[in-house]
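Below: data.cif (mmCIF, C-alpha atoms)
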data_work
loop_
_atom_site.label_atom_id
_atom_site.label_comp_id
_atom_site.auth_asym_id
_atom_site.auth_seq_id
_atom_site.Cartn_x
_atom_site.Cartn_y
_atom_site.Cartn_z
CA MET Q 144 80.56 223.06 273.84
CA ASN Q 145 78.26 224.92 271.46
CA ALA Q 146 75.10 224.99 273.60
CA SER Q 147 73.48 228.40 273.69
CA LEU Q 148 70.56 230.18 275.32
CA ALA Q 149 68.72 233.37 274.42
CA PRO Q 150 69.66 236.25 276.78
CA HIS Q 151 66.26 236.16 278.53
CA ASP Q 152 66.47 232.38 279.07
CA PHE Q 153 69.42 232.40 281.45
CA TRP Q 154 68.81 231.71 285.18
CA GLN Q 155 65.37 230.21 284.54
CA ARG Q 156 66.00 226.53 285.29
CA ILE Q 157 68.26 224.46 287.51
CA GLU Q 158 69.32 221.59 285.28
CA SER Q 159 70.15 218.00 286.17
CA ALA Q 160 73.75 216.93 286.76
CA GLY Q 161 75.67 216.56 283.51
CA ARG Q 162 73.19 218.50 281.40
CA PHE Q 163 76.02 220.71 280.12
CA PRO Q 164 79.60 219.40 279.92
CA ILE Q 165 82.34 221.39 281.64
CA ASP Q 166 85.16 221.79 279.12
CA PRO Q 167 88.54 222.82 280.60
CA SER Q 168 90.10 223.09 277.12
CA GLY Q 169 88.14 226.10 275.90
CA GLY Q 170 84.87 224.77 274.52
CA HIS Q 171 82.64 227.21 276.39
CA ARG Q 172 81.04 229.71 274.03
CA ASP Q 173 78.00 231.53 275.35
CA LEU Q 174 77.45 229.88 278.71
CA TYR Q 175 79.28 228.38 281.66
CA PRO Q 176 77.55 225.60 283.64
CA ALA Q 177 78.09 226.29 287.36
CA LEU Q 178 77.58 223.39 289.75
CA LEU Q 179 75.34 223.35 292.81
CA PRO Q 180 76.57 221.34 295.82
CA ASP Q 181 74.44 218.34 294.76
CA GLY Q 182 75.85 218.35 291.22
CA ARG Q 183 72.94 220.04 289.47
CA GLN Q 184 73.80 222.88 287.10
CA LEU Q 185 72.81 226.48 286.46
CA ALA Q 186 73.74 227.86 283.05
CA LEU Q 187 75.36 231.29 283.40
CA PRO Q 188 76.03 233.76 280.57
CA ILE Q 189 79.66 234.60 279.84
CA ARG Q 190 80.44 238.34 280.10
CA VAL Q 191 83.67 239.83 278.71
CA LEU Q 192 85.38 242.03 281.30
CA PRO Q 193 86.05 245.72 280.56
CA GLY Q 194 89.52 246.64 279.38
CA GLY Q 195 90.10 243.84 276.90
CA ASP Q 196 88.52 240.89 275.19
CA ASP Q 197 90.65 238.05 276.54
CA ARG Q 198 89.10 237.70 280.00
CA ALA Q 199 85.52 237.02 281.01
CA VAL Q 200 83.39 235.88 283.93
CA ALA Q 201 80.16 233.95 284.28
CA SER Q 202 77.35 236.22 285.44
CA LEU Q 203 74.38 235.82 287.80
CA ILE Q 204 71.68 238.51 288.12
CA LEU Q 205 69.35 237.18 290.76
CA ASN Q 206 66.39 239.48 290.18
CA GLN Q 207 66.22 238.22 286.60
CA ALA Q 208 66.03 234.60 287.75
CA SER Q 209 62.84 232.58 287.87
CA PHE Q 210 61.18 232.20 291.25
CA ALA Q 211 62.09 228.50 291.14
CA VAL Q 212 65.80 229.26 290.67
CA GLU Q 213 65.69 231.98 293.31
CA ALA Q 214 64.12 229.57 295.81
CA GLY Q 215 66.44 226.74 294.80
CA LEU Q 216 69.56 228.83 295.42
CA ALA Q 217 68.22 230.03 298.78
CA GLU Q 218 67.43 226.47 299.86
CA ALA Q 219 70.86 225.26 298.77
CA LEU Q 220 72.52 228.10 300.71
CA ALA Q 221 70.44 227.22 303.76
CA GLY Q 222 72.01 223.78 303.63
CA GLU Q 223 75.48 225.32 303.48
CA VAL Q 224 75.01 227.59 306.52
CA ALA Q 225 72.81 225.34 308.69
CA ALA Q 226 75.78 224.03 310.67
CA VAL Q 227 76.49 227.47 312.19
CA GLU Q 228 72.90 227.63 313.50
CA PRO Q 229 72.08 231.15 312.25
CA GLU Q 230 69.59 233.21 314.21
CA VAL Q 231 69.42 236.28 311.95
CA VAL Q 232 69.99 236.85 308.24
CA VAL Q 233 71.29 240.27 307.12
CA GLY Q 234 71.20 241.20 303.43
CA LEU Q 235 73.26 243.62 301.33
CA PRO Q 236 71.60 245.82 298.73
CA THR Q 237 70.51 245.46 296.19
CA LEU Q 238 70.40 241.91 294.89
CA GLY Q 239 71.64 240.45 298.15
CA LEU Q 240 68.29 241.42 299.67
CA THR Q 241 66.48 238.95 297.40
CA LEU Q 242 68.76 236.10 298.47
CA ALA Q 243 68.67 237.13 302.13
CA ARG Q 244 64.88 237.06 302.20
CA GLY Q 245 64.80 233.65 300.53
CA LEU Q 246 67.46 232.29 302.89
CA ALA Q 247 65.55 233.53 305.94
CA VAL Q 248 62.41 231.79 304.65
CA ALA Q 249 64.34 228.57 303.95
CA LEU Q 250 65.78 228.64 307.49
CA GLY Q 251 62.31 229.10 308.98
CA HIS Q 252 62.88 232.67 310.17
CA GLY Q 253 60.05 235.17 310.35
CA ARG Q 254 62.06 238.11 309.00
CA TYR Q 255 65.47 239.30 307.89
CA VAL Q 256 67.40 242.55 308.37
CA PRO Q 257 68.24 244.62 305.26
CA LEU Q 258 71.17 246.98 304.97
CA GLY Q 259 70.50 249.96 302.71
CA THR Q 260 72.06 252.61 300.50
CA SER Q 261 69.38 255.24 301.13
CA ARG Q 262 69.93 257.24 304.29
CA LYS Q 263 66.94 257.92 306.53
CA PHE Q 264 67.10 260.96 308.78
CA TRP Q 265 67.55 258.89 311.95
CA TYR Q 266 70.54 256.92 310.60
CA ARG Q 267 73.94 257.54 312.18
CA GLU Q 268 77.08 258.28 310.18
CA GLU Q 269 79.21 255.90 312.25
CA LEU Q 270 77.00 252.97 311.20
CA SER Q 271 77.86 253.40 307.52
CA ALA Q 272 80.70 252.85 305.04
CA PRO Q 273 81.44 253.68 301.38
CA MET Q 274 80.42 250.95 298.94
CA VAL Q 275 81.23 250.41 295.25
CA SER Q 276 79.87 247.47 293.28
CA ILE Q 277 81.97 245.71 290.65
CA THR Q 278 78.98 245.82 288.29
CA SER Q 279 78.40 249.56 288.86
CA PRO Q 280 81.91 251.00 289.41
CA ASP Q 281 80.84 254.57 288.60
CA GLN Q 282 78.00 254.61 291.11
CA ALA Q 283 79.66 255.13 294.49
CA LYS Q 284 77.20 254.69 297.34
CA ARG Q 285 77.18 254.47 301.10
CA LEU Q 286 76.04 251.41 303.00
CA TRP Q 287 73.89 252.00 306.07
CA LEU Q 288 72.70 249.95 309.06
CA ASP Q 289 69.46 251.17 310.60
CA PRO Q 290 70.30 251.73 314.31
CA ARG Q 291 66.78 250.63 315.23
CA MET Q 292 67.71 247.12 314.04
CA LEU Q 293 70.56 246.74 316.53
CA PRO Q 294 68.43 244.96 319.17
CA LEU Q 295 67.74 242.24 316.59
CA LEU Q 296 71.46 241.76 315.95
CA GLU Q 297 73.37 242.21 319.18
CA GLY Q 298 74.45 238.90 320.69
CA ARG Q 299 72.90 236.91 317.83
CA ARG Q 300 74.37 234.45 315.37
CA ILE Q 301 74.28 236.41 312.10
CA VAL Q 302 74.68 235.29 308.48
CA LEU Q 303 75.66 238.23 306.26
CA VAL Q 304 74.40 237.70 302.69
CA ASP Q 305 75.12 239.05 299.21
CA ASP Q 306 74.04 237.57 295.90
CA VAL Q 307 77.53 237.39 294.35
CA ILE Q 308 80.97 237.94 295.84
CA SER Q 309 83.49 238.98 293.19
CA THR Q 310 86.18 241.41 294.35
CA GLY Q 311 84.85 241.37 297.93
CA SER Q 312 84.52 245.16 298.08
CA SER Q 313 80.80 245.25 298.91
CA MET Q 314 81.18 242.58 301.58
CA LEU Q 315 84.14 244.42 303.09
CA SER Q 316 81.93 247.52 303.39
CA ALA Q 317 79.34 245.46 305.25
CA LEU Q 318 81.99 244.04 307.57
CA THR Q 319 83.21 247.58 308.26
CA VAL Q 320 79.69 248.63 309.25
CA PHE Q 321 79.35 245.53 311.41
CA ALA Q 322 82.64 246.26 313.18
CA ALA Q 323 81.49 249.81 313.94
CA ALA Q 324 78.36 248.34 315.53
CA GLY Q 325 80.33 245.74 317.51
CA LEU Q 326 78.95 242.89 315.40
CA ARG Q 327 80.62 239.94 313.69
CA PRO Q 328 78.87 237.37 311.48
CA VAL Q 329 79.22 233.65 312.10
CA ALA Q 330 79.00 233.10 308.33
CA ILE Q 331 79.02 235.01 305.05
CA GLY Q 332 76.58 233.55 302.55
CA THR Q 333 76.39 234.04 298.80
CA ALA Q 334 74.75 232.43 295.81
CA MET Q 335 77.99 232.57 293.82
CA LEU Q 336 81.69 233.18 294.25
CA GLN Q 337 82.94 234.82 291.05
CA THR Q 338 86.65 234.04 290.58
CA GLU Q 339 89.05 234.12 293.56
CA ARG Q 340 89.71 237.87 293.63
CA TRP Q 341 87.74 238.31 296.86
CA ARG Q 342 90.09 236.25 299.04
CA GLU Q 343 92.82 238.86 299.49
CA ARG Q 344 90.37 241.67 300.27
CA LEU Q 345 88.35 239.75 302.84
CA GLY Q 346 91.40 238.28 304.58
CA GLU Q 347 90.53 236.17 307.63
CA ALA Q 348 86.82 236.83 307.10
CA GLY Q 349 87.12 234.78 303.92
CA GLY Q 350 87.06 231.68 306.09
CA LEU Q 351 83.44 232.46 306.96
CA VAL Q 352 82.25 232.34 303.34
CA ARG Q 353 79.68 229.73 302.29
CA THR Q 354 78.44 229.49 298.72
CA VAL Q 355 76.21 227.56 296.36
CA LEU Q 356 77.95 228.21 293.02
CA ARG Q 357 81.51 228.95 291.92
CA SER Q 358 82.53 230.52 288.61
CA PRO Q 359 86.16 230.89 287.53
CA LEU Q 360 87.93 233.63 285.65
CA LEU Q 361 87.70 232.65 281.98
CA ARG Q 362 90.42 233.13 279.36
CA ARG Q 363 89.84 233.27 275.60
CA VAL Q 364 91.50 230.56 273.56
CA ASP Q 365 92.19 230.19 269.84
CA GLY Q 366 88.93 229.64 268.05
CA GLY Q 367 86.99 232.08 270.22
CA GLY Q 368 86.02 229.80 273.09
CA TRP Q 369 86.64 230.27 276.79
CA ARG Q 370 88.45 228.09 279.29
CA PRO Q 371 88.64 228.33 283.09
CA GLU Q 372 91.90 229.87 284.23
CA ALA Q 373 94.03 227.41 286.18
#
Can you dump the structure from the file as structure tokens?
Amino acid sequence: MNASLAPHDFWQRIESAGRFPIDPSGGHRDLYPALLPDGRQLALPIRVLPGGDDRAVASLILNQASFAVEAGLAEALAGEVAAVEPEVVVGLPTLGLTLARGLAVALGHGRYVPLGTSRKFWYREELSAPMVSITSPDQAKRLWLDPRMLPLLEGRRIVLVDDVISTGSSMLSALTVFAAAGLRPVAIGTAMLQTERWRERLGEAGGLVRTVLRSPLLRRVDGGGWRPEA
């Protein structure tokens, strides 16, 4: 498949089903067409992973998406989590906050609860955990839950949201903070699951995950194309 987009054109349109063929033999060049639950497609750029040139992933950066794509992914995720009857949406920084807000709107909620990486003076150390993002491995941070938000969360049906789950490390940090606060989500929502590396890290909590898109680990083939790893 030789279809291509300019770098600034990715994530701007949700395409109709079948707009881009999915080629398991290695025909993907610049983009990978991820499928929404209804069969529509979102073209994602292929990014070569650090440490070699034979593995790559399809990338989603939600704050570079059009408002239409942002809303479309939030609405699709609302359909995926509706069965658990969520009462509160909690978002992970930074890009998970965009999706969490959109999901809360799509579910008809009046607000959502953001987690943060900037400590305010009234935050408590026990309601925090270290966090490292796969896209920013050299920028270690700490994830914080504002203790003043606890009355909104205790005894409620919570959906914990991040934009992309890849290794699962950021989501595990959020689950650690939740456990310290005596909280447990009824679902974990994401716009995209990137490969299957997250399953081992999240363990039993992986069964709570609901997603809109899935993107596989890609392997380079002869001729320079990429194929999904079996």
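Residues surrounding Val275 (chain Q) within 12 Å are Pro236, Thr237, Thr260, Pro280, Asp281, Gln282, Ala283, Lys284, Arg285, Leu286, Ser309, Thr310, Gly311, Ser312, Ser313, Met314, Leu315, Ser316 and Ala317 of chain Q [all atoms listed in the file; sequence separation below 5 positions excluded].
Nearest residue to Trp341 (chain Q), choosing from Q:Ile308, Q:Val355, Q:Val320, Q:Leu258 and counting only C-alpha atoms: Q:Ile308.
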Mind listing as a CSV table (one decimal) with C-alpha atoms, in the frame of the given file all residues within 9 Å of (69.2, 253.1, 313.6), counting only C-alpha atoms?
chain,number,residue,atom,x,y,z
Q,263,LYS,CA,66.9,257.9,306.5
Q,265,TRP,CA,67.6,258.9,312.0
Q,266,TYR,CA,70.5,256.9,310.6
Q,267,ARG,CA,73.9,257.5,312.2
Q,270,LEU,CA,77.0,253.0,311.2
Q,287,TRP,CA,73.9,252.0,306.1
Q,288,LEU,CA,72.7,250.0,309.1
Q,289,ASP,CA,69.5,251.2,310.6
Q,290,PRO,CA,70.3,251.7,314.3
Q,291,ARG,CA,66.8,250.6,315.2
Q,292,MET,CA,67.7,247.1,314.0
Q,293,LEU,CA,70.6,246.7,316.5
What's around region 176-191 of chain Q at 7 Å? Count all atoms listed in the file, leave out sequence neighbours fewer than 5 positions away in its own chain, and write the answer as a PyMOL selection string. chain Q and resi 153-154+156-160+163+165+196+198-203+355-358
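Here CA of Leu240 (chain Q) and CA of Val307 (chain Q) stand 11.4 Å from one another.
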Centre, edges in Å (one decimal): axis-aligned box, region 177-192 of chain Q, 8 Å padding on all six sides, as AutoDock Vina command-line options:
--center_x 79.1 --center_y 230.2 --center_z 287.3 --size_x 28.6 --size_y 39.7 --size_z 33.1
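For the residues Q:Gly253, Q:Gly169, Q:Gly366, Q:Gly245, ranking by smallest atom-to-atom distance to Leu216 (chain Q) using all atoms listed in the file places Q:Gly245 first.
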Output of the PyMOL selection byres ((chain Q and resi 300) around 10), listed as a PyMOL selection string: chain Q and resi 227-232+296-299+301-303+326-330
May I have the residues from that selection written out with C-alpha atoms, as a PDB file, in the coordinates of the input?
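See part08.pdb below for the written result:
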ATOM      1  CA  VAL Q 227      76.490 227.470 312.190  1.00  0.00           C
ATOM      2  CA  GLU Q 228      72.900 227.630 313.500  1.00  0.00           C
ATOM      3  CA  PRO Q 229      72.080 231.150 312.250  1.00  0.00           C
ATOM      4  CA  GLU Q 230      69.590 233.210 314.210  1.00  0.00           C
ATOM      5  CA  VAL Q 231      69.420 236.280 311.950  1.00  0.00           C
ATOM      6  CA  VAL Q 232      69.990 236.850 308.240  1.00  0.00           C
ATOM      7  CA  LEU Q 296      71.460 241.760 315.950  1.00  0.00           C
ATOM      8  CA  GLU Q 297      73.370 242.210 319.180  1.00  0.00           C
ATOM      9  CA  GLY Q 298      74.450 238.900 320.690  1.00  0.00           C
ATOM     10  CA  ARG Q 299      72.900 236.910 317.830  1.00  0.00           C
ATOM     11  CA  ILE Q 301      74.280 236.410 312.100  1.00  0.00           C
ATOM     12  CA  VAL Q 302      74.680 235.290 308.480  1.00  0.00           C
ATOM     13  CA  LEU Q 303      75.660 238.230 306.260  1.00  0.00           C
ATOM     14  CA  LEU Q 326      78.950 242.890 315.400  1.00  0.00           C
ATOM     15  CA  ARG Q 327      80.620 239.940 313.690  1.00  0.00           C
ATOM     16  CA  PRO Q 328      78.870 237.370 311.480  1.00  0.00           C
ATOM     17  CA  VAL Q 329      79.220 233.650 312.100  1.00  0.00           C
ATOM     18  CA  ALA Q 330      79.000 233.100 308.330  1.00  0.00           C
TER      19      ALA Q 330
END
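Distances here use all atoms listed in the file; by that measure, the residue among Q:Glu339, Q:Glu268, Q:Glu218, Q:Glu213 closest to Leu361 (chain Q) is Q:Glu339.
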Please compute the CA of Arg340 (chain Q)-CA of Leu192 (chain Q) distance, one decimal, in Å. 13.7 Å
Selection result of the PyMOL selection byres ((chain Q and resi 334) around 8) on this file, as a short mmCIF file (atom, residue, chain, number, x, y, z; two decimals) with C-alpha atoms, in the frame of the given file:
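Once written, result10.cif looks like this:
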data_model
loop_
_atom_site.label_atom_id
_atom_site.label_comp_id
_atom_site.auth_asym_id
_atom_site.auth_seq_id
_atom_site.Cartn_x
_atom_site.Cartn_y
_atom_site.Cartn_z
CA LEU Q 216 69.56 228.83 295.42
CA ALA Q 217 68.22 230.03 298.78
CA LEU Q 220 72.52 228.10 300.71
CA LEU Q 242 68.76 236.10 298.47
CA ASP Q 305 75.12 239.05 299.21
CA ASP Q 306 74.04 237.57 295.90
CA VAL Q 307 77.53 237.39 294.35
CA GLY Q 332 76.58 233.55 302.55
CA THR Q 333 76.39 234.04 298.80
CA MET Q 335 77.99 232.57 293.82
CA LEU Q 336 81.69 233.18 294.25
CA THR Q 354 78.44 229.49 298.72
CA VAL Q 355 76.21 227.56 296.36
CA LEU Q 356 77.95 228.21 293.02
#
Correct to one decimal, the distance CA of Pro273 (chain Q)-CA of Leu246 (chain Q) is 25.6 Å
Running the PyMOL selection byres ((chain Q and resi 166) around 9) on this model by hand, what would come out? Give it as an NGL selection string. :Q and (144 or 164-165 or 167-171 or 369-371)
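Using all atoms listed in the file, the nearest neighbour of Thr338 (chain Q) within the list Q:Glu372, Q:Gly367, Q:Thr319, Q:Tyr175 is Q:Glu372.
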